[in-house]
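Enquirer: Enclosed is the structure file upload-v1.pdb (PDB, C-alpha atoms).
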ATOM      1  CA  MET A   1     121.497  72.382  88.513
ATOM      2  CA  GLN A   2     123.060  75.358  86.788
ATOM      3  CA  TYR A   3     123.171  78.778  88.422
ATOM      4  CA  ARG A   4     123.229  82.150  86.715
ATOM      5  CA  SER A   5     123.730  85.744  87.778
ATOM      6  CA  LEU A   6     120.592  87.831  88.070
ATOM      7  CA  GLY A   7     121.203  90.823  85.855
ATOM      8  CA  ASN A   8     124.351  92.758  86.643
ATOM      9  CA  SER A   9     124.034  91.967  90.342
ATOM     10  CA  GLY A  10     126.044  89.497  92.380
ATOM     11  CA  LEU A  11     122.962  87.397  93.088
ATOM     12  CA  LYS A  12     123.030  83.831  91.751
ATOM     13  CA  VAL A  13     119.816  81.945  91.016
ATOM     14  CA  SER A  14     119.031  78.419  89.855
ATOM     15  CA  LEU A  15     118.262  78.099  86.151
ATOM     16  CA  VAL A  16     114.972  76.447  87.083
ATOM     17  CA  GLY A  17     112.997  78.460  89.607
ATOM     18  CA  LEU A  18     109.896  77.466  91.539
ATOM     19  CA  GLY A  19     106.737  79.440  90.866
ATOM     20  CA  CYS A  20     104.707  79.397  94.073
ATOM     21  CA  ASN A  21     101.332  80.553  92.752
ATOM     22  CA  ASN A  22      99.737  77.160  93.499
ATOM     23  CA  PHE A  23     100.587  77.304  97.204
ATOM     24  CA  GLY A  24      97.652  78.092  99.455
ATOM     25  CA  MET A  25      95.186  77.739  96.587
ATOM     26  CA  ARG A  26      95.482  74.461  94.659
ATOM     27  CA  LEU A  27      97.801  72.948  97.272
ATOM     28  CA  GLY A  28      97.326  72.501 101.005
ATOM     29  CA  LEU A  29     100.157  72.897 103.492
ATOM     30  CA  GLU A  30     101.459  69.326 103.353
ATOM     31  CA  GLU A  31     101.239  69.176  99.563
ATOM     32  CA  THR A  32     103.190  72.412  99.395
ATOM     33  CA  ARG A  33     105.746  71.040 101.849
ATOM     34  CA  ALA A  34     106.385  68.040  99.587
ATOM     35  CA  VAL A  35     106.937  70.312  96.564
ATOM     36  CA  VAL A  36     109.240  72.659  98.495
ATOM     37  CA  GLU A  37     111.325  69.797  99.883
ATOM     38  CA  LYS A  38     111.744  68.258  96.439
ATOM     39  CA  ALA A  39     112.749  71.639  94.995
ATOM     40  CA  LEU A  40     115.423  72.057  97.665
ATOM     41  CA  GLU A  41     116.622  68.505  97.061
ATOM     42  CA  CYS A  42     116.956  69.215  93.329
ATOM     43  CA  GLY A  43     119.033  72.357  93.861
ATOM     44  CA  ILE A  44     116.358  74.944  93.122
ATOM     45  CA  THR A  45     117.186  78.156  94.956
ATOM     46  CA  LEU A  46     114.826  80.736  93.437
ATOM     47  CA  PHE A  47     111.381  80.596  95.046
ATOM     48  CA  ASP A  48     109.063  83.110  93.387
ATOM     49  CA  THR A  49     105.820  84.098  95.064
ATOM     50  CA  ALA A  50     103.647  87.218  95.426
ATOM     51  CA  ASP A  51     101.487  88.747  98.115
ATOM     52  CA  VAL A  52      98.329  88.005  96.114
ATOM     53  CA  TYR A  53      99.104  84.319  95.512
ATOM     54  CA  GLY A  54      97.113  81.780  97.458
ATOM     55  CA  GLY A  55      94.047  83.939  97.935
ATOM     56  CA  ARG A  56      95.927  87.050  99.060
ATOM     57  CA  GLY A  57      98.629  85.894 101.397
ATOM     58  CA  GLY A  58      98.271  82.118 101.453
ATOM     59  CA  SER A  59     101.379  81.332  99.412
ATOM     60  CA  GLU A  60     103.635  83.567 101.499
ATOM     61  CA  GLU A  61     102.194  82.153 104.724
ATOM     62  CA  GLN A  62     102.810  78.559 103.653
ATOM     63  CA  LEU A  63     106.372  79.322 102.603
ATOM     64  CA  GLY A  64     107.023  81.113 105.872
ATOM     65  CA  GLU A  65     105.812  78.130 107.860
ATOM     66  CA  ILE A  66     107.647  75.509 105.800
ATOM     67  CA  LEU A  67     111.071  77.047 105.172
ATOM     68  CA  GLY A  68     112.217  77.645 108.744
ATOM     69  CA  ALA A  69     116.023  77.561 109.000
ATOM     70  CA  ARG A  70     116.276  76.734 105.278
ATOM     71  CA  ARG A  71     115.168  80.266 104.471
ATOM     72  CA  LYS A  72     118.837  81.325 104.353
ATOM     73  CA  ASP A  73     119.583  78.727 101.667
ATOM     74  CA  ILE A  74     117.240  80.153  99.030
ATOM     75  CA  VAL A  75     116.641  83.307  97.018
ATOM     76  CA  LEU A  76     113.188  84.383  98.155
ATOM     77  CA  ALA A  77     111.318  86.567  95.675
ATOM     78  CA  THR A  78     107.921  88.134  96.150
ATOM     79  CA  LYS A  79     105.878  90.927  94.605
ATOM     80  CA  PHE A  80     103.645  93.877  95.419
ATOM     81  CA  ALA A  81     101.187  96.134  93.563
ATOM     82  CA  LEU A  82      98.216  93.892  92.696
ATOM     83  CA  PRO A  83      95.096  94.518  94.839
ATOM     84  CA  MET A  84      95.167  92.925  98.276
ATOM     85  CA  ASN A  85      91.616  93.968  99.120
ATOM     86  CA  ASP A  86      88.363  94.454  97.237
ATOM     87  CA  GLU A  87      88.246  98.182  97.935
ATOM     88  CA  GLY A  88      91.474  98.833  96.046
ATOM     89  CA  THR A  89      93.092 100.690  98.939
ATOM     90  CA  LYS A  90      95.866  98.092  99.198
ATOM     91  CA  SER A  91      97.438  98.129  95.762
ATOM     92  CA  GLY A  92      99.760 100.033  93.484
ATOM     93  CA  ALA A  93     103.334 101.256  93.714
ATOM     94  CA  SER A  94     103.076 104.382  95.854
ATOM     95  CA  ARG A  95     105.538 104.921  98.681
ATOM     96  CA  ARG A  96     102.731 104.734 101.219
ATOM     97  CA  TYR A  97     101.561 101.337  99.993
ATOM     98  CA  ILE A  98     105.015  99.840  99.384
ATOM     99  CA  MET A  99     106.034 100.533 102.991
ATOM    100  CA  GLN A 100     102.918  98.735 104.215
ATOM    101  CA  ALA A 101     103.103  95.873 101.691
ATOM    102  CA  VAL A 102     106.702  94.948 102.482
ATOM    103  CA  GLU A 103     105.986  94.686 106.207
ATOM    104  CA  ASP A 104     102.981  92.462 105.513
ATOM    105  CA  SER A 105     105.045  90.185 103.268
ATOM    106  CA  LEU A 106     107.906  89.977 105.765
ATOM    107  CA  ARG A 107     105.457  88.968 108.470
ATOM    108  CA  ARG A 108     103.768  86.293 106.360
ATOM    109  CA  LEU A 109     107.102  84.945 105.128
ATOM    110  CA  ARG A 110     108.548  84.952 108.662
ATOM    111  CA  THR A 111     111.763  86.541 107.495
ATOM    112  CA  ASP A 112     113.743  89.722 108.039
ATOM    113  CA  TRP A 113     114.568  90.304 104.378
ATOM    114  CA  ILE A 114     113.334  89.697 100.851
ATOM    115  CA  ASP A 115     115.998  88.813  98.303
ATOM    116  CA  LEU A 116     114.093  90.068  95.258
ATOM    117  CA  TYR A 117     111.159  92.459  95.655
ATOM    118  CA  GLN A 118     109.245  92.931  92.407
ATOM    119  CA  GLN A 119     106.699  95.466  91.214
ATOM    120  CA  HIS A 120     103.922  93.182  89.955
ATOM    121  CA  MET A 121     102.236  95.587  87.554
ATOM    122  CA  PHE A 122     102.434  99.034  86.022
ATOM    123  CA  ASP A 123     100.902 101.704  88.257
ATOM    124  CA  PRO A 124      99.817 104.656  86.077
ATOM    125  CA  SER A 125      98.921 106.772  89.114
ATOM    126  CA  THR A 126     102.386 106.732  90.711
ATOM    127  CA  PRO A 127     105.542 108.298  89.235
ATOM    128  CA  MET A 128     108.339 105.790  88.793
ATOM    129  CA  GLU A 129     110.632 108.124  90.710
ATOM    130  CA  GLU A 130     108.441 107.749  93.817
ATOM    131  CA  THR A 131     108.420 103.961  93.497
ATOM    132  CA  LEU A 132     112.180 103.702  93.091
ATOM    133  CA  ARG A 133     112.861 106.056  95.980
ATOM    134  CA  ALA A 134     110.755 103.893  98.292
ATOM    135  CA  LEU A 135     112.441 100.699  97.074
ATOM    136  CA  ASP A 136     115.842 102.338  97.411
ATOM    137  CA  ASP A 137     115.057 103.084 101.058
ATOM    138  CA  LEU A 138     114.034  99.463 101.669
ATOM    139  CA  VAL A 139     117.365  98.281 100.257
ATOM    140  CA  SER A 140     119.218 100.763 102.475
ATOM    141  CA  GLN A 141     117.265  99.464 105.481
ATOM    142  CA  GLY A 142     118.219  95.859 104.668
ATOM    143  CA  LYS A 143     114.617  94.708 104.268
ATOM    144  CA  VAL A 144     115.110  94.128 100.535
ATOM    145  CA  ARG A 145     118.304  93.002  98.784
ATOM    146  CA  TYR A 146     117.453  93.542  95.109
ATOM    147  CA  ILE A 147     114.467  94.799  93.123
ATOM    148  CA  GLY A 148     112.782  93.693  89.911
ATOM    149  CA  CYS A 149     109.583  94.193  87.970
ATOM    150  CA  SER A 150     106.933  92.019  86.375
ATOM    151  CA  ASN A 151     104.484  92.882  83.575
ATOM    152  CA  VAL A 152     105.821  96.445  83.453
ATOM    153  CA  PRO A 153     105.863  97.981  79.941
ATOM    154  CA  ALA A 154     109.257  98.368  78.308
ATOM    155  CA  TRP A 155     108.952 102.147  78.177
ATOM    156  CA  GLN A 156     108.566 102.297  81.950
ATOM    157  CA  VAL A 157     111.513  99.947  82.447
ATOM    158  CA  VAL A 158     113.510 102.454  80.368
ATOM    159  CA  GLU A 159     112.296 105.264  82.627
ATOM    160  CA  ALA A 160     113.248 103.268  85.721
ATOM    161  CA  GLY A 161     116.726 102.615  84.323
ATOM    162  CA  TRP A 162     117.237 106.277  83.499
ATOM    163  CA  ILE A 163     116.128 107.375  86.979
ATOM    164  CA  ALA A 164     118.373 104.800  88.634
ATOM    165  CA  ASN A 165     121.375 105.924  86.583
ATOM    166  CA  THR A 166     120.892 109.672  86.900
ATOM    167  CA  GLN A 167     119.733 109.795  90.516
ATOM    168  CA  SER A 168     121.872 106.959  91.913
ATOM    169  CA  ARG A 169     118.836 104.908  92.851
ATOM    170  CA  VAL A 170     118.613 101.149  93.113
ATOM    171  CA  ALA A 171     117.829  99.599  89.719
ATOM    172  CA  PHE A 172     115.692  96.701  88.516
ATOM    173  CA  VAL A 173     117.914  93.635  88.052
ATOM    174  CA  SER A 174     115.177  91.496  86.503
ATOM    175  CA  CYS A 175     111.998  91.555  84.464
ATOM    176  CA  GLN A 176     109.481  88.759  84.983
ATOM    177  CA  ASP A 177     107.249  88.457  81.945
ATOM    178  CA  GLU A 178     105.434  85.816  79.957
ATOM    179  CA  TYR A 179     107.775  84.264  77.413
ATOM    180  CA  ASN A 180     107.571  80.905  75.681
ATOM    181  CA  LEU A 181     107.583  79.297  72.246
ATOM    182  CA  LEU A 182     104.036  80.531  71.651
ATOM    183  CA  ASN A 183     104.481  84.058  72.968
ATOM    184  CA  ARG A 184     107.646  85.893  71.949
ATOM    185  CA  THR A 185     106.283  89.435  71.860
ATOM    186  CA  ILE A 186     108.697  90.843  74.463
ATOM    187  CA  GLU A 187     111.638  90.182  72.139
ATOM    188  CA  HIS A 188     110.809  93.316  70.177
ATOM    189  CA  ASP A 189     110.748  95.935  72.926
ATOM    190  CA  LEU A 190     111.744  94.497  76.307
ATOM    191  CA  PHE A 191     114.831  92.506  75.229
ATOM    192  CA  PRO A 192     116.746  95.594  74.013
ATOM    193  CA  VAL A 193     115.847  97.426  77.229
ATOM    194  CA  MET A 194     117.089  94.592  79.431
ATOM    195  CA  SER A 195     120.316  94.469  77.436
ATOM    196  CA  ARG A 196     120.818  98.215  77.782
ATOM    197  CA  TYR A 197     120.309  98.238  81.550
ATOM    198  CA  GLY A 198     121.829  94.894  82.454
ATOM    199  CA  ALA A 199     118.646  93.158  83.629
ATOM    200  CA  SER A 200     117.819  89.461  83.309
ATOM    201  CA  LEU A 201     114.614  87.762  82.257
ATOM    202  CA  LEU A 202     112.588  85.538  84.574
ATOM    203  CA  PRO A 203     110.145  83.988  82.081
ATOM    204  CA  TYR A 204     106.848  82.735  83.445
ATOM    205  CA  PHE A 205     104.320  80.441  81.730
ATOM    206  CA  PRO A 206     107.235  78.589  80.065
ATOM    207  CA  LEU A 207     104.816  75.856  78.988
ATOM    208  CA  ALA A 208     102.040  78.200  77.856
ATOM    209  CA  SER A 209      99.714  76.991  80.618
ATOM    210  CA  GLY A 210     100.385  73.394  79.623
ATOM    211  CA  LEU A 211      99.962  73.623  75.866
ATOM    212  CA  LEU A 212     103.668  72.873  75.393
ATOM    213  CA  THR A 213     103.712  69.816  77.656
ATOM    214  CA  GLY A 214     102.587  67.534  74.835
ATOM    215  CA  LYS A 215      99.468  66.306  76.625
ATOM    216  CA  TYR A 216      97.128  68.476  74.548
ATOM    217  CA  ARG A 217      95.960  67.922  71.009
ATOM    218  CA  ALA A 218      93.336  69.910  69.161
ATOM    219  CA  SER A 219      91.272  66.750  68.770
ATOM    220  CA  ASP A 220      91.882  65.466  72.307
ATOM    221  CA  MET A 221      91.690  67.879  75.231
ATOM    222  CA  PRO A 222      92.198  65.797  78.411
ATOM    223  CA  GLU A 223      89.522  66.001  81.081
ATOM    224  CA  GLY A 224      90.425  67.978  84.176
ATOM    225  CA  ALA A 225      93.458  69.700  82.645
ATOM    226  CA  ARG A 226      93.962  73.445  83.108
ATOM    227  CA  LEU A 227      93.158  74.496  79.554
ATOM    228  CA  THR A 228      90.132  72.213  79.517
ATOM    229  CA  VAL A 229      88.446  73.356  82.711
ATOM    230  CA  ASN A 230      89.685  76.903  83.168
ATOM    231  CA  PRO A 231      88.462  79.318  80.500
ATOM    232  CA  ARG A 232      90.697  82.053  81.930
ATOM    233  CA  PHE A 233      93.701  80.246  80.468
ATOM    234  CA  ALA A 234      91.946  79.115  77.316
ATOM    235  CA  ASN A 235      91.014  82.722  76.638
ATOM    236  CA  ARG A 236      94.650  83.847  76.726
ATOM    237  CA  GLU A 237      94.626  83.245  72.961
ATOM    238  CA  TYR A 238      96.578  80.026  73.404
ATOM    239  CA  VAL A 239      93.859  77.815  71.989
ATOM    240  CA  ASN A 240      93.707  78.814  68.345
ATOM    241  CA  ASP A 241      94.591  77.376  64.955
ATOM    242  CA  ARG A 242      97.992  79.078  64.683
ATOM    243  CA  ASN A 243      99.115  77.798  68.060
ATOM    244  CA  TRP A 244      97.905  74.281  67.364
ATOM    245  CA  ALA A 245      99.976  74.313  64.182
ATOM    246  CA  ILE A 246     103.058  75.420  66.113
ATOM    247  CA  VAL A 247     102.451  72.860  68.864
ATOM    248  CA  GLU A 248     102.379  70.049  66.295
ATOM    249  CA  GLN A 249     105.571  71.322  64.677
ATOM    250  CA  VAL A 250     107.289  71.439  68.055
ATOM    251  CA  ARG A 251     105.974  67.933  68.764
ATOM    252  CA  SER A 252     107.510  66.651  65.515
ATOM    253  CA  PHE A 253     110.770  68.465  66.315
ATOM    254  CA  ALA A 254     110.923  66.752  69.725
ATOM    255  CA  GLU A 255     109.972  63.300  68.471
ATOM    256  CA  GLY A 256     112.615  63.494  65.766
ATOM    257  CA  ARG A 257     115.276  63.917  68.441
ATOM    258  CA  GLY A 258     113.886  61.465  70.965
ATOM    259  CA  ILE A 259     113.152  64.142  73.551
ATOM    260  CA  SER A 260     109.991  65.553  75.091
ATOM    261  CA  MET A 261     108.195  68.794  74.303
ATOM    262  CA  LEU A 262     109.010  69.820  77.870
ATOM    263  CA  ASP A 263     112.709  69.427  77.032
ATOM    264  CA  VAL A 264     112.273  71.604  73.962
ATOM    265  CA  ALA A 265     110.357  74.342  75.784
ATOM    266  CA  PHE A 266     112.830  74.561  78.669
ATOM    267  CA  GLY A 267     115.939  74.010  76.554
ATOM    268  CA  TRP A 268     114.930  76.819  74.197
ATOM    269  CA  LEU A 269     114.447  79.219  77.111
ATOM    270  CA  ALA A 270     117.719  78.154  78.740
ATOM    271  CA  ALA A 271     119.571  78.825  75.468
ATOM    272  CA  LYS A 272     118.462  82.449  75.543
ATOM    273  CA  GLY A 273     121.291  84.410  77.134
ATOM    274  CA  VAL A 274     118.898  86.862  78.730
ATOM    275  CA  THR A 275     117.236  84.106  80.804
ATOM    276  CA  ALA A 276     118.410  83.859  84.421
ATOM    277  CA  SER A 277     115.811  81.466  85.813
ATOM    278  CA  ILE A 278     112.759  79.790  84.309
ATOM    279  CA  ILE A 279     109.793  80.316  86.627
ATOM    280  CA  ALA A 280     107.902  77.036  86.588
ATOM    281  CA  GLY A 281     105.020  76.152  88.866
ATOM    282  CA  ALA A 282     104.501  72.646  90.207
ATOM    283  CA  THR A 283     101.758  70.781  92.021
ATOM    284  CA  SER A 284     103.767  67.638  92.765
ATOM    285  CA  PRO A 285     107.355  66.528  93.435
ATOM    286  CA  ALA A 286     107.282  64.627  90.138
ATOM    287  CA  GLN A 287     106.719  67.861  88.243
ATOM    288  CA  ILE A 288     109.725  69.395  89.993
ATOM    289  CA  GLU A 289     111.894  66.492  88.839
ATOM    290  CA  GLY A 290     110.567  66.812  85.288
ATOM    291  CA  ASN A 291     111.247  70.554  85.144
ATOM    292  CA  VAL A 292     114.808  70.145  86.414
ATOM    293  CA  LYS A 293     115.560  67.301  84.014
ATOM    294  CA  ALA A 294     114.211  69.327  81.080
ATOM    295  CA  ILE A 295     117.118  71.790  81.102
ATOM    296  CA  GLU A 296     119.590  68.985  80.394
ATOM    297  CA  TRP A 297     118.827  69.243  76.676
ATOM    298  CA  ARG A 298     120.245  72.302  74.933
ATOM    299  CA  PRO A 299     119.632  73.090  71.274
ATOM    300  CA  SER A 300     122.522  73.570  68.903
ATOM    301  CA  LYS A 301     122.750  76.836  67.001
ATOM    302  CA  ALA A 302     121.041  75.174  64.023
ATOM    303  CA  GLU A 303     118.291  73.729  66.235
ATOM    304  CA  LEU A 304     117.768  77.074  67.950
ATOM    305  CA  ASP A 305     117.437  78.762  64.569
ATOM    306  CA  GLU A 306     114.963  76.092  63.477
ATOM    307  CA  LEU A 307     112.817  76.582  66.583
ATOM    308  CA  ASP A 308     112.892  80.336  66.155
ATOM    309  CA  THR A 309     111.718  79.919  62.579
ATOM    310  CA  LEU A 310     108.973  77.450  63.556
ATOM    311  CA  THR A 311     107.564  79.888  66.104
ATOM    312  CA  GLU A 312     108.214  83.256  64.519
ATOM    313  CA  SER A 313     104.586  83.570  63.396
ATOM    314  CA  ARG A 314     103.723  84.159  67.055
ATOM    315  CA  SER A 315     106.590  86.522  67.838
TER
END
Write out the structure in this file as structure tokens.

Expert:
Amino acid sequence: MQYRSLGNSGLKVSLVGLGCNNFGMRLGLEETRAVVEKALECGITLFDTADVYGGRGGSEEQLGEILGARRKDIVLATKFALPMNDEGTKSGASRRYIMQAVEDSLRRLRTDWIDLYQQHMFDPSTPMEETLRALDDLVSQGKVRYIGCSNVPAWQVVEAGWIANTQSRVAFVSCQDEYNLLNRTIEHDLFPVMSRYGASLLPYFPLASGLLTGKYRASDMPEGARLTVNPRFANREYVNDRNWAIVEQVRSFAEGRGISMLDVAFGWLAAKGVTASIIAGATSPAQIEGNVKAIEWRPSKAELDELDTLTESRS
């Protein structure tokens, strides 16, 4: 396993991270335990969850129960801001809610600190200054080590960086956003911002909800697979003629080199200097092993240019 610095901080994270959104929802406790143990065995240190994962709290609770003394050996990341109740009173990035949300996450995770606490969405009703001041206090109190954001527009990341610099507040060290061979939109606005403020990327959906695994073809959608049975993912504009064309080009690229599409998807992300850790979910130990093995292949400069050209129609 390779380890990289998270932004301009001193925190090191594994190049392959474990996305914990399946815990407490698709996976029961013992299934989750098997995935966690395999991840630890393979050298994965970044475990990325959120308060809403697992039916609002289930993922954090399972991790808290399973990790035990091994908690100190990992970088534990979670998130706040998405609604934790139907009434909408537990959501957002206000100081009042952040102070409540962090205590709830600490309790569920059975820990005294969170290594990376991330704002999960843009909150238009709360000034960024208020959010950063609350997070700054949590860092000072030792409840949070570092902060990041996820799905926050580039312009607000700029605002956060400016506030941190001019008011000596804690700064975002990472941005967790969707980024893969089929969705490169953040290159245009977010990449320059991360470079300017020294933040790293934690790309999620590295396999475009499975479309880049190689198991899907336009003429043969496997029964029971995510994109087949879950219209929420199919409606993310993944399943369309342009993407099918790109998928087949990536398939040919992989076959010509005797590697898998998984290798190509992960190797391409790993070759991007802005990437600190690839957030990849897993429902089995075998998937963990496959994800870790996939970063062994790295494209040459010519191959990276070729892949960028093949996929630029979606950037």

Enquirer: Do you know which residues are at most 12 Å from segment 1-3 of chain A counting all atoms listed in the file, after dropping those on the same chain fewer than 4 positions away, and could you put them as a list in words?

Expert: Gly10, Leu11, Lys12, Val13, Ser14, Leu15, Val16, Gly17, Ala39, Leu40, Glu41, Cys42, Gly43, Ile44, Thr45, Leu46, Val75, Ala270, Thr275, Ala276, Ser277, Ile278, Glu289, Asn291, Val292, Lys293, Ala294, Ile295 and Glu296 of chain A

Enquirer: Give the answer as one residue: which of A:Pro203, A:Gly28, A:Asp308, A:Asn8 has the shortest atom-to-atom distance to Val173 of chain A, using all atoms listed in the file?

Expert: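 Of the candidates, the smallest distance to Val173 of chain A is held by A:Asn8.
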
Enquirer: Give as a PyMOL selection string the residues that the PyMOL selection byres ((chain A and resi 52-61) around 6) matches when applied to the coordinates above.

Expert: chain A and resi 21+23-25+50-51+62-64+84+108-109

Enquirer: Pull C-alpha atoms from the residues just selected and write them as a short mmCIF file (atom, residue, chain, number, x, y, z; two decimals), in the coordinates of the input.

Expert:
data_model
loop_
_atom_site.label_atom_id
_atom_site.label_comp_id
_atom_site.auth_asym_id
_atom_site.auth_seq_id
_atom_site.Cartn_x
_atom_site.Cartn_y
_atom_site.Cartn_z
CA ASN A 21 101.33 80.55 92.75
CA PHE A 23 100.59 77.30 97.20
CA GLY A 24 97.65 78.09 99.46
CA MET A 25 95.19 77.74 96.59
CA ALA A 50 103.65 87.22 95.43
CA ASP A 51 101.49 88.75 98.12
CA GLN A 62 102.81 78.56 103.65
CA LEU A 63 106.37 79.32 102.60
CA GLY A 64 107.02 81.11 105.87
CA MET A 84 95.17 92.92 98.28
CA ARG A 108 103.77 86.29 106.36
CA LEU A 109 107.10 84.94 105.13
#

Enquirer: Distance cut-off 12 Å, centre (102.8, 103.7, 97.3) in file coordinates, counting only C-alpha atoms: which residues qualify? Return them as a ChimeraX atom specification.

Expert: /A:80-82,89-102,119,123-135

Enquirer: Name the closest residue to Leu212 of chain A among the candidates A:Thr32, A:Ser174, A:Gln167, A:Ser260; distances are taken between atoms, counting only C-alpha atoms.

Expert: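 Result for the nearest residue to Leu212 of chain A: A:Ser260.
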
Enquirer: Kindly list the centre and edge lengths in Å, rounded to one decimal, for the axis-aligned box that covers all listed atoms of segment 65-80 of chain A plus 8 Å on each of its six sides, as AutoDock Vina command-line options.

Expert:
--center_x 111.6 --center_y 84.7 --center_z 101.8 --size_x 31.9 --size_y 34.4 --size_z 30.4

Enquirer: What does the distance from atom CA of Asp137 of chain A to atom CA of Met194 of chain A come to in Å, to one decimal?

Expert: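 That distance, rounded to one decimal, is 23.3 Å.
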
Enquirer: For the file shown, report as a list in words the outcome of the PyMOL selection byres ((chain A and resi 176) around 9) at residue level.

Expert: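 So the PyMOL selection byres ((chain A and resi 176) around 9) ends up selecting Gln118, His120, Gly148, Cys149, Ser150, Asn151, Val152, Ser174, Cys175, Asp177, Glu178, Tyr179, Ser200, Leu201, Leu202, Pro203, Tyr204 and Ile279 of chain A.
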
Enquirer: Env of Thr111 of chain A: 10 Å cut, atoms = all atoms listed in the file, seq-sep filter 2 positions within chain, self excluded. Answer as an mmCIF file with C-alpha atoms, in the coordinates of the input.

Expert:
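Final output, part16.cif:
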data_model
loop_
_atom_site.group_PDB
_atom_site.id
_atom_site.type_symbol
_atom_site.label_atom_id
_atom_site.label_comp_id
_atom_site.auth_asym_id
_atom_site.auth_seq_id
_atom_site.Cartn_x
_atom_site.Cartn_y
_atom_site.Cartn_z
ATOM 1 C CA GLY A 64 107.023 81.113 105.872
ATOM 2 C CA LEU A 67 111.071 77.047 105.172
ATOM 3 C CA GLY A 68 112.217 77.645 108.744
ATOM 4 C CA ARG A 71 115.168 80.266 104.471
ATOM 5 C CA LYS A 72 118.837 81.325 104.353
ATOM 6 C CA LEU A 76 113.188 84.383 98.155
ATOM 7 C CA SER A 105 105.045 90.185 103.268
ATOM 8 C CA LEU A 106 107.906 89.977 105.765
ATOM 9 C CA ARG A 107 105.457 88.968 108.470
ATOM 10 C CA ARG A 108 103.768 86.293 106.360
ATOM 11 C CA LEU A 109 107.102 84.945 105.128
ATOM 12 C CA TRP A 113 114.568 90.304 104.378
ATOM 13 C CA ILE A 114 113.334 89.697 100.851
ATOM 14 C CA LYS A 143 114.617 94.708 104.268
#

Enquirer: At what distance in Å, to one decimal, does atom CA of Leu262 of chain A lie from atom CA of Pro206 of chain A?

Expert: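 Separation of atom CA of Pro206 of chain A and atom CA of Leu262 of chain A: 9.2 Å.
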
Enquirer: Work out how far atom CA of Ala280 of chain A is from atom CA of Leu18 of chain A, in Å to one decimal.

Expert: 5.4 Å

Enquirer: Looking at A:Phe266, A:Ile186, A:Ala254, A:Gly281, which one is nearest to Glu306 of chain A, with distances taken over all atoms listed in the file?

Expert: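 Using all atoms listed in the file, the shortest distance to Glu306 of chain A belongs to A:Ala254.
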
Enquirer: Go through A:Glu87, A:Arg257, A:Ile288, A:Leu181 and flag the residue nearest Thr309 of chain A, using all atoms listed in the file for the distances.

Expert: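 Comparing A:Glu87, A:Arg257, A:Ile288, A:Leu181 against Thr309 of chain A, the winner is A:Leu181.
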
Enquirer: Leaving out Tyr146 of chain A and any residue of its chain fewer than 2 positions from it, which residues lie within 8 Å of it when counting all atoms listed in the file, given as a PDB file with C-alpha atoms, in the frame of the given file?

Expert:
ATOM      1  CA  ASP A 115     115.998  88.813  98.303  1.00  0.00           C
ATOM      2  CA  LEU A 116     114.093  90.068  95.258  1.00  0.00           C
ATOM      3  CA  TYR A 117     111.159  92.459  95.655  1.00  0.00           C
ATOM      4  CA  VAL A 139     117.365  98.281 100.257  1.00  0.00           C
ATOM      5  CA  VAL A 144     115.110  94.128 100.535  1.00  0.00           C
ATOM      6  CA  GLY A 148     112.782  93.693  89.911  1.00  0.00           C
ATOM      7  CA  VAL A 170     118.613 101.149  93.113  1.00  0.00           C
ATOM      8  CA  PHE A 172     115.692  96.701  88.516  1.00  0.00           C
ATOM      9  CA  VAL A 173     117.914  93.635  88.052  1.00  0.00           C
TER      10      VAL A 173
END

Enquirer: Which one of A:Ser5, A:Gln287, A:Ser300, A:Ser195 sits closest to Ala271 of chain A if you count all atoms listed in the file?

Expert: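 So, comparing all the options, the nearest one is A:Ser300.
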
Enquirer: So, with all atoms listed in the file as the atoms that count, which of A:Pro299, A:Gly214, A:Gly290, A:Gly19 lies closest to Ser252 of chain A?

Expert: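 The closest residue to Ser252 of chain A is A:Gly214.
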
Enquirer: For segment 130-138 of chain A, supply N, CA and C atoms and format the output as a CSV table (one decimal), in the coordinates of the input.

Expert:
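Below is the file rebuild03.csv, written as the result:
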chain,number,residue,atom,x,y,z
A,130,GLU,N,108.9,108.0,92.5
A,130,GLU,CA,108.4,107.7,93.8
A,130,GLU,C,108.6,106.3,94.2
A,131,THR,N,108.3,105.4,93.3
A,131,THR,CA,108.4,104.0,93.5
A,131,THR,C,109.9,103.6,93.8
A,132,LEU,N,110.8,104.1,92.9
A,132,LEU,CA,112.2,103.7,93.1
A,132,LEU,C,112.8,104.3,94.4
A,133,ARG,N,112.3,105.5,94.7
A,133,ARG,CA,112.9,106.1,96.0
A,133,ARG,C,112.4,105.2,97.2
A,134,ALA,N,111.2,104.7,97.2
A,134,ALA,CA,110.8,103.9,98.3
A,134,ALA,C,111.5,102.6,98.3
A,135,LEU,N,111.7,102.0,97.1
A,135,LEU,CA,112.4,100.7,97.1
A,135,LEU,C,113.9,100.9,97.4
A,136,ASP,N,114.5,102.0,97.1
A,136,ASP,CA,115.8,102.3,97.4
A,136,ASP,C,116.0,102.4,98.9
A,137,ASP,N,115.0,103.0,99.6
A,137,ASP,CA,115.1,103.1,101.1
A,137,ASP,C,115.0,101.7,101.7
A,138,LEU,N,114.1,100.8,101.1
A,138,LEU,CA,114.0,99.5,101.7
A,138,LEU,C,115.3,98.7,101.5
